[in-house]
Structures are given as C-alpha cells and as structure tokens.
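> Here you go, input_28.txt (compact mmCIF, C-alpha atoms):
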# COMPACT_ATOMS: atom_id res chain seq x y z
CA MET A 1 -38.47 -22.32 5.21
CA HIS A 2 -40.71 -22.34 2.16
CA LYS A 3 -39.54 -18.84 1.20
CA ILE A 4 -35.90 -19.85 1.51
CA LYS A 5 -36.46 -22.78 -0.85
CA ASP A 6 -38.08 -20.43 -3.38
CA VAL A 7 -34.99 -18.20 -3.56
CA LYS A 8 -33.14 -18.73 -6.84
CA LEU A 9 -29.78 -17.54 -8.10
CA SER A 10 -29.78 -15.59 -11.34
CA PHE A 11 -27.81 -17.17 -14.20
CA VAL A 12 -26.64 -13.68 -15.20
CA MET A 13 -25.41 -12.91 -11.68
CA ILE A 14 -23.64 -16.25 -11.41
CA ALA A 15 -21.77 -15.48 -14.64
CA ILE A 16 -20.79 -12.01 -13.40
CA VAL A 17 -19.50 -13.28 -10.05
CA LEU A 18 -17.57 -16.19 -11.59
CA LEU A 19 -15.84 -13.99 -14.18
CA TRP A 20 -15.16 -11.30 -11.58
CA LEU A 21 -13.51 -13.71 -9.15
CA LYS A 22 -11.60 -15.48 -11.92
CA THR A 23 -10.25 -12.18 -13.25
CA TYR A 24 -9.04 -11.17 -9.80
CA ILE A 25 -7.41 -14.57 -9.24
CA VAL A 26 -5.63 -14.22 -12.60
CA TYR A 27 -4.44 -10.75 -11.60
CA LYS A 28 -2.88 -12.19 -8.47
CA THR A 29 -1.44 -15.40 -9.93
CA SER A 30 -0.55 -14.69 -13.57
CA PHE A 31 0.48 -11.02 -13.60
CA ASP A 32 3.20 -9.37 -11.53
CA ILE A 33 1.24 -6.25 -10.54
CA ASN A 34 2.90 -4.12 -7.90
CA LEU A 35 0.52 -2.90 -5.17
CA GLU A 36 1.73 -0.12 -2.89
CA ASN A 37 -1.14 0.09 -0.40
CA TRP A 38 -4.54 -1.32 0.55
CA ARG A 39 -6.37 1.21 -1.67
CA GLN A 40 -4.62 -0.07 -4.77
CA ALA A 41 -5.39 -3.65 -3.69
CA PHE A 42 -9.08 -2.73 -3.31
CA ILE A 43 -9.14 -0.99 -6.72
CA LEU A 44 -7.58 -4.06 -8.32
CA PHE A 45 -10.31 -6.19 -6.75
CA ILE A 46 -13.27 -4.11 -7.94
CA ASN A 47 -12.01 -2.89 -11.33
CA PRO A 48 -13.36 -5.79 -13.47
CA LEU A 49 -16.85 -5.50 -11.98
CA SER A 50 -18.46 -2.56 -13.81
CA PHE A 51 -17.47 -3.86 -17.25
CA LEU A 52 -18.70 -7.37 -16.49
CA MET A 53 -21.98 -6.03 -15.10
CA PHE A 54 -22.52 -3.86 -18.16
CA ILE A 55 -21.76 -6.48 -20.82
CA LEU A 56 -23.24 -9.56 -19.13
CA GLY A 57 -26.18 -7.57 -17.78
CA ILE A 58 -27.51 -7.37 -21.34
CA GLY A 59 -28.64 -10.97 -20.75
CA MET A 60 -31.25 -9.57 -18.33
CA PHE A 61 -33.22 -8.34 -21.37
CA MET A 62 -33.46 -11.86 -22.83
CA LYS A 63 -35.64 -14.90 -22.32
CA GLU A 64 -34.13 -18.22 -21.21
CA LYS A 65 -32.88 -19.70 -24.50
CA ARG A 66 -31.29 -16.49 -25.84
CA GLN A 67 -30.01 -15.56 -22.38
CA LYS A 68 -28.13 -18.83 -21.97
CA ARG A 69 -26.63 -18.58 -25.45
CA TYR A 70 -25.60 -14.96 -24.95
CA ILE A 71 -24.04 -15.48 -21.52
CA LEU A 72 -22.06 -18.54 -22.68
CA ILE A 73 -20.72 -16.82 -25.82
CA VAL A 74 -19.76 -13.61 -24.03
CA SER A 75 -18.19 -15.48 -21.11
CA LEU A 76 -16.09 -17.51 -23.54
CA LEU A 77 -14.98 -14.38 -25.43
CA ILE A 78 -14.05 -12.52 -22.24
CA SER A 79 -12.17 -15.56 -20.94
CA GLY A 80 -10.35 -15.72 -24.28
CA ILE A 81 -9.29 -12.06 -24.01
CA LEU A 82 -8.03 -12.58 -20.47
CA TYR A 83 -6.18 -15.76 -21.42
CA ALA A 84 -4.57 -14.07 -24.45
CA ASN A 85 -3.14 -11.47 -22.09
CA VAL A 86 -1.88 -14.22 -19.77
CA VAL A 87 -0.04 -16.00 -22.60
CA PHE A 88 1.36 -12.74 -23.97
CA TYR A 89 2.49 -11.69 -20.48
CA ARG A 90 4.36 -14.96 -20.01
CA GLU A 91 6.57 -14.16 -22.98
CA PHE A 92 6.86 -10.37 -22.92
CA THR A 93 5.87 -9.31 -19.37
CA ASP A 94 3.43 -6.88 -20.95
CA PHE A 95 -0.20 -6.65 -21.97
CA LEU A 96 -1.71 -6.89 -25.43
CA THR A 97 -2.39 -3.74 -27.44
CA ILE A 98 -4.16 -3.11 -30.73
CA PRO A 99 -0.87 -2.24 -32.58
CA VAL A 100 0.63 -5.57 -31.47
CA ILE A 101 -2.42 -7.48 -32.73
CA LEU A 102 -2.38 -5.57 -36.03
CA GLN A 103 1.33 -6.23 -36.72
CA THR A 104 0.43 -9.08 -39.06
CA GLU A 105 3.94 -9.30 -40.50
CA ASN A 106 5.16 -10.45 -37.09
CA MET A 107 2.24 -12.74 -36.29
CA GLY A 108 3.98 -15.81 -37.74
CA ASP A 109 6.94 -15.54 -35.37
CA LEU A 110 4.69 -14.44 -32.53
CA GLY A 111 2.33 -17.34 -33.08
CA SER A 112 5.13 -19.92 -33.05
CA SER A 113 6.61 -18.54 -29.83
CA ILE A 114 3.25 -18.25 -28.08
CA SER A 115 2.22 -21.78 -29.11
CA ASN A 116 5.14 -23.06 -27.03
CA LEU A 117 3.67 -21.30 -23.98
CA LEU A 118 0.29 -23.04 -24.10
CA ASN A 119 -0.28 -25.72 -21.50
CA VAL A 120 -3.06 -28.24 -20.89
CA PRO A 121 -3.55 -26.93 -17.31
CA ASP A 122 -4.45 -23.60 -18.92
CA LEU A 123 -7.95 -25.00 -19.36
CA MET A 124 -8.36 -23.87 -15.75
CA TYR A 125 -8.61 -20.31 -17.10
CA PHE A 126 -11.96 -21.35 -18.63
CA THR A 127 -13.34 -23.04 -15.50
CA ASP A 128 -16.14 -20.49 -15.16
CA PHE A 129 -17.28 -21.15 -18.74
CA PHE A 130 -17.47 -24.90 -18.09
CA ILE A 131 -19.45 -24.27 -14.89
CA LEU A 132 -21.89 -22.03 -16.77
CA LEU A 133 -22.21 -24.60 -19.55
CA ILE A 134 -23.07 -27.34 -17.04
CA ILE A 135 -25.66 -25.06 -15.39
CA ALA A 136 -27.18 -24.15 -18.76
CA LEU A 137 -27.52 -27.82 -19.77
CA TRP A 138 -28.49 -29.20 -16.38
CA LYS A 139 -30.82 -26.31 -15.40
CA PRO A 140 -30.72 -26.89 -11.61
CA SER A 141 -33.78 -25.82 -9.67
CA PHE A 142 -31.85 -23.19 -7.68
CA VAL A 143 -30.93 -21.20 -10.83
CA SER A 144 -33.25 -18.75 -12.56
CA PHE A 145 -33.04 -17.88 -16.28
CA LYS A 146 -35.88 -15.37 -16.25
CA GLU A 147 -36.03 -12.08 -18.14
CA TYR A 148 -35.82 -9.17 -15.70
CA ASN A 149 -38.50 -6.50 -15.47
CA LYS A 150 -37.84 -2.87 -16.41
CA MET A 151 -37.38 -1.63 -12.84
CA SER A 152 -34.84 -4.36 -11.99
CA ARG A 153 -32.83 -3.58 -15.12
CA ARG A 154 -32.89 0.13 -14.38
CA VAL A 155 -31.64 -0.37 -10.80
CA PHE A 156 -28.99 -2.81 -12.01
CA TYR A 157 -27.54 -0.40 -14.57
CA LEU A 158 -27.67 2.55 -12.20
CA LEU A 159 -25.61 0.43 -9.81
CA THR A 160 -23.24 -0.45 -12.67
CA VAL A 161 -22.68 3.24 -13.48
CA ALA A 162 -22.20 4.04 -9.78
CA ILE A 163 -19.56 1.31 -9.41
CA SER A 164 -17.82 2.51 -12.58
CA PHE A 165 -17.57 6.12 -11.33
CA PHE A 166 -16.57 4.92 -7.86
CA ASN A 167 -13.76 2.85 -9.38
CA LEU A 168 -12.59 5.72 -11.60
CA GLY A 169 -12.76 8.19 -8.70
CA LEU A 170 -10.62 5.96 -6.49
CA ALA A 171 -8.18 5.39 -9.34
CA GLU A 172 -7.87 9.13 -10.02
CA SER A 173 -7.24 9.79 -6.34
CA GLU A 174 -4.39 7.27 -6.43
CA ARG A 175 -3.03 8.33 -9.82
CA PRO A 176 -4.13 11.83 -10.92
CA GLN A 177 -4.57 12.21 -14.70
CA LEU A 178 -4.54 8.45 -14.97
CA LEU A 179 -5.96 8.29 -18.50
CA THR A 180 -3.11 10.42 -19.85
CA ARG A 181 -0.65 7.65 -18.92
CA ALA A 182 -1.45 5.34 -21.83
CA PHE A 183 2.22 4.34 -22.02
CA ASP A 184 2.04 2.72 -18.57
CA ARG A 185 -0.13 -0.30 -19.29
CA GLU A 186 0.39 -1.94 -15.91
CA MET A 187 -0.87 1.18 -14.16
CA LEU A 188 -3.98 1.25 -16.36
CA ILE A 189 -4.67 -2.45 -15.78
CA LYS A 190 -4.18 -1.97 -12.04
CA ASN A 191 -6.64 0.92 -11.89
CA ILE A 192 -9.31 0.49 -14.58
CA GLY A 193 -8.96 -3.24 -15.27
CA THR A 194 -8.02 -5.41 -18.22
CA TYR A 195 -11.32 -5.12 -20.08
CA ASN A 196 -11.73 -1.36 -19.69
CA TYR A 197 -8.08 -0.97 -20.64
CA HIS A 198 -8.69 -2.74 -23.95
CA LEU A 199 -11.70 -0.50 -24.63
CA TYR A 200 -9.54 2.55 -23.86
CA ASP A 201 -6.80 1.18 -26.12
CA ILE A 202 -9.32 0.82 -28.97
CA PHE A 203 -10.44 4.41 -28.37
CA LEU A 204 -6.85 5.71 -28.43
CA GLN A 205 -6.01 3.82 -31.61
CA SER A 206 -9.18 5.05 -33.32
CA LYS A 207 -8.40 8.61 -32.26
CA SER A 208 -4.82 8.29 -33.50
CA THR A 209 -5.99 6.93 -36.87
CA ALA A 210 -8.53 9.74 -37.25
CA GLN A 211 -5.86 12.35 -36.43
CA ARG A 212 -3.53 10.89 -39.06
CA VAL A 213 -6.27 10.97 -41.68
CA LEU A 214 -7.15 14.57 -40.85
CA ALA A 215 -3.48 15.54 -40.78
CA ASP A 216 -2.93 13.97 -44.19
CA GLY A 217 -5.90 15.92 -45.55
CA SER A 218 -4.68 19.25 -44.19
CA GLN A 219 -1.17 18.60 -45.54
CA MET A 220 -2.62 18.04 -49.03
CA VAL A 221 -4.33 21.43 -48.86
CA ASP A 222 -1.04 23.05 -47.81
CA ILE A 223 0.78 21.37 -50.70
CA GLU A 224 -1.83 22.52 -53.20
CA ASN A 225 -1.69 26.11 -51.90
CA TYR A 226 2.09 26.06 -52.04
CA SER A 227 2.04 24.76 -55.61
CA ARG A 228 -0.38 27.45 -56.74
CA ALA A 229 1.71 30.19 -55.10
CA ASN A 230 5.10 29.05 -56.42
CA TYR A 231 4.48 27.34 -59.76
CA LYS A 232 2.72 28.99 -62.68
CA ASN A 233 0.48 27.10 -65.05
CA PRO A 234 2.40 26.73 -68.35
CA ASN A 235 -0.82 27.50 -70.26
CA GLU A 236 -1.16 30.93 -68.62
Please rewrite the model in this file as structure tokens.

Amino acid sequence: MHKIKDVKLSFVMIAIVLLWLKTYIVYKTSFDINLENWRQAFILFINPLSFLMFILGIGMFMKEKRQKRYILIVSLLISGILYANVVFYREFTDFLTIPVILQTENMGDLGSSISNLLNVPDLMYFTDFFILLIIALWKPSFVSFKEYNKMSRRVFYLLTVAISFFNLGLAESERPQLLTRAFDREMLIKNIGTYNYHLYDIFLQSKSTAQRVLADGSQMVDIENYSRANYKNPNE
C-alpha cells in the first residue's frame, strides 16, 4: 500500500494525454472526417500522439518552475492552433494553410466573418489548459514535476520515434504516396494529424518559395545570356 501511495503522475505525461484526448474528441465532434474502415479510425486516434510527445516531452529536460511554464505555454499554443482550425472549418469546411494565413489583404474580411463564429462555449476547447493551470498552481501530491534522468528521456524519445514511424507506416499502407497528396488536406489530417500537417505545410511552402527564388535567379542568367548574344554593345 505504501508503494501505491508513492506513485505519482508526471505533469508532462498528464499534459500529453489531455491534449491527445482533446484533439481526438475535436476530430470526432468538430470536423467531418470520413472514415472508411477500422484502420483509418485507429490512425485518426493515434496520429496526434507522436507530435505531442515530441514537443511536450522537452519539458522532461526542465526543473519544476521552467517545466510548468513551458508546458502551460506550449499547451495553450497547441490548443490555439487546433481551435483556429475549428473556427476556420466552421466557415469554409477546410483546414488552415500558410497561404491563407499570409493573405493579409483578405484578413480584414476573414476576421470579421470568423469573429461571428466565436462562441462562449468554445472555452471548452481549452479545458485541458485550465486543468493544467490548476495543477500547476495547486501542486497536488499525486503529481510530479521532476526533471527526468538521461535514460528515461532516451527511452521516451525512442518510443516517440517508434510511434511516429508506426503511424506513418499505417498511413502509407492505407494511402500509398500519401505525402504527394498535399492538395487533399482532409486526407493528410486523417492520416498524419493536424499538427504534423501544419509542419508539412510549412515545409511545402518553404520549398515552394526556395524554388521560386532559384527559378528567378536562373531566369536572370538566361536573360543576360540572351542579351549578350542578340544585342551588341554600342561602344564596340
């Protein structure tokens, strides 16, 4: 009995589980995601986990005060990203992308239409943050805020990588060449999750920008070569 009383729940793990369950509940209640079989349902359930473990697991490297601050800030930011997608989906039945966010000329109209979609009950989307805040302030005896040792962190991140590859492998078996289907945002959300989708979207936009810059540079070289070949210098 004494050993059972000594068992404590990790603040980091509580945050991961709360955000994981909340994300899945939002998938099921706020998005109209079509599931064709039990495998797709299972993938939808596990797909937020690897990202949340990776980003929130950083708190394992921190002592109590910094750990609590980090977990609360990151949890609030992740909840904000998820909620932004919920609000956007209500209006457009689609998910946020970097180009949409960067279309500043349309943000005025977008902001006014989205503001009409905000509801007081939407505070429920931040329930996990409020729970974590109460735990951080109250510091119940059954919760641990300790910094993890090196071996525990190593095992944790090996498990995170394993879950990530397991998720991606299942997704690829369901939808071969999944990551080439960037146009189908629902399919990406369904298979790799909202958070990984946004990371992938950032990667695609960065790649596209880099390609445009390189293309512009190569076109300038072609123009210069063409000019030299077809127009003589008047001083020659």
> In Å, with one decimal, what is the gap from atom CA of Arg90 of chain A to atom CA of Gln40 of chain A?
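Going from atom CA of Arg90 of chain A over to atom CA of Gln40 of chain A covers 23.1 Å.
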> Considering all atoms listed in the file, can you say which of A:Asn34, A:Thr29, A:Ser50, A:Thr180 comes closest to Leu158 of chain A?
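Using all atoms listed in the file, the shortest distance to Leu158 of chain A belongs to A:Ser50.
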> Hey, which of A:Leu133, A:Leu179, A:Leu188, A:Leu77 ends up closest to Phe11 of chain A? Count all atoms listed in the file.
A:Leu133
> So how far away is atom CA of Phe88 of chain A from atom CA of Thr209 of chain A, in Å?
24.6 Å
> Please measure the separation of atom CA of Ile25 of chain A and atom CA of Thr93 of chain A, giving the value in Å to one decimal.
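Separating atom CA of Ile25 of chain A from atom CA of Thr93 of chain A is a distance of 17.5 Å.
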> Go through A:Asp128, A:Asp94, A:Glu147, A:Glu64 one by one, measure the shortest atom-to-atom distance of each to Arg185 of chain A using all atoms listed in the file, and give the residue with the smallest value.
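Looking at the shortest contact to Arg185 of chain A, the residue is A:Asp94.
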> Can you pull out every residue within 10 Å of Ala15 of chain A, counting all atoms listed in the file, but drop anything in the same chain fewer than 2 positions away, and send it as a PyMOL selection string?
chain A and resi 10-13+17-20+52-53+56-57+71-72+74-75+128-129+131-132
> From the list A:Val161, A:Ile134, A:Ala84, A:Ile43, which residue is nearest Arg175 of chain A when using all atoms listed in the file?
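Smallest separation from Arg175 of chain A among the options: A:Ile43.
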> Using the block above, I'd like segment 16-31 of chain A written out, keeping C-alpha atoms and formatting it as a PDB file, in the first residue's frame.

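That gives us selection.pdb:
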ATOM      1  CA  ILE A  16       0.327  14.849 -23.334  1.00  0.00           C
ATOM      2  CA  VAL A  17      -2.679  12.652 -22.521  1.00  0.00           C
ATOM      3  CA  LEU A  18      -5.060  15.601 -22.079  1.00  0.00           C
ATOM      4  CA  LEU A  19      -4.057  17.211 -25.390  1.00  0.00           C
ATOM      5  CA  TRP A  20      -4.134  13.852 -27.165  1.00  0.00           C
ATOM      6  CA  LEU A  21      -7.649  13.021 -25.987  1.00  0.00           C
ATOM      7  CA  LYS A  22      -8.889  16.550 -26.626  1.00  0.00           C
ATOM      8  CA  THR A  23      -7.524  16.512 -30.182  1.00  0.00           C
ATOM      9  CA  TYR A  24      -9.245  13.218 -30.908  1.00  0.00           C
ATOM     10  CA  ILE A  25     -12.540  14.475 -29.445  1.00  0.00           C
ATOM     11  CA  VAL A  26     -12.282  17.582 -31.641  1.00  0.00           C
ATOM     12  CA  TYR A  27     -11.644  15.376 -34.677  1.00  0.00           C
ATOM     13  CA  LYS A  28     -14.843  13.486 -33.966  1.00  0.00           C
ATOM     14  CA  THR A  29     -17.074  16.415 -32.971  1.00  0.00           C
ATOM     15  CA  SER A  30     -15.854  19.467 -34.904  1.00  0.00           C
ATOM     16  CA  PHE A  31     -14.571  18.062 -38.209  1.00  0.00           C
TER      17      PHE A  31
END
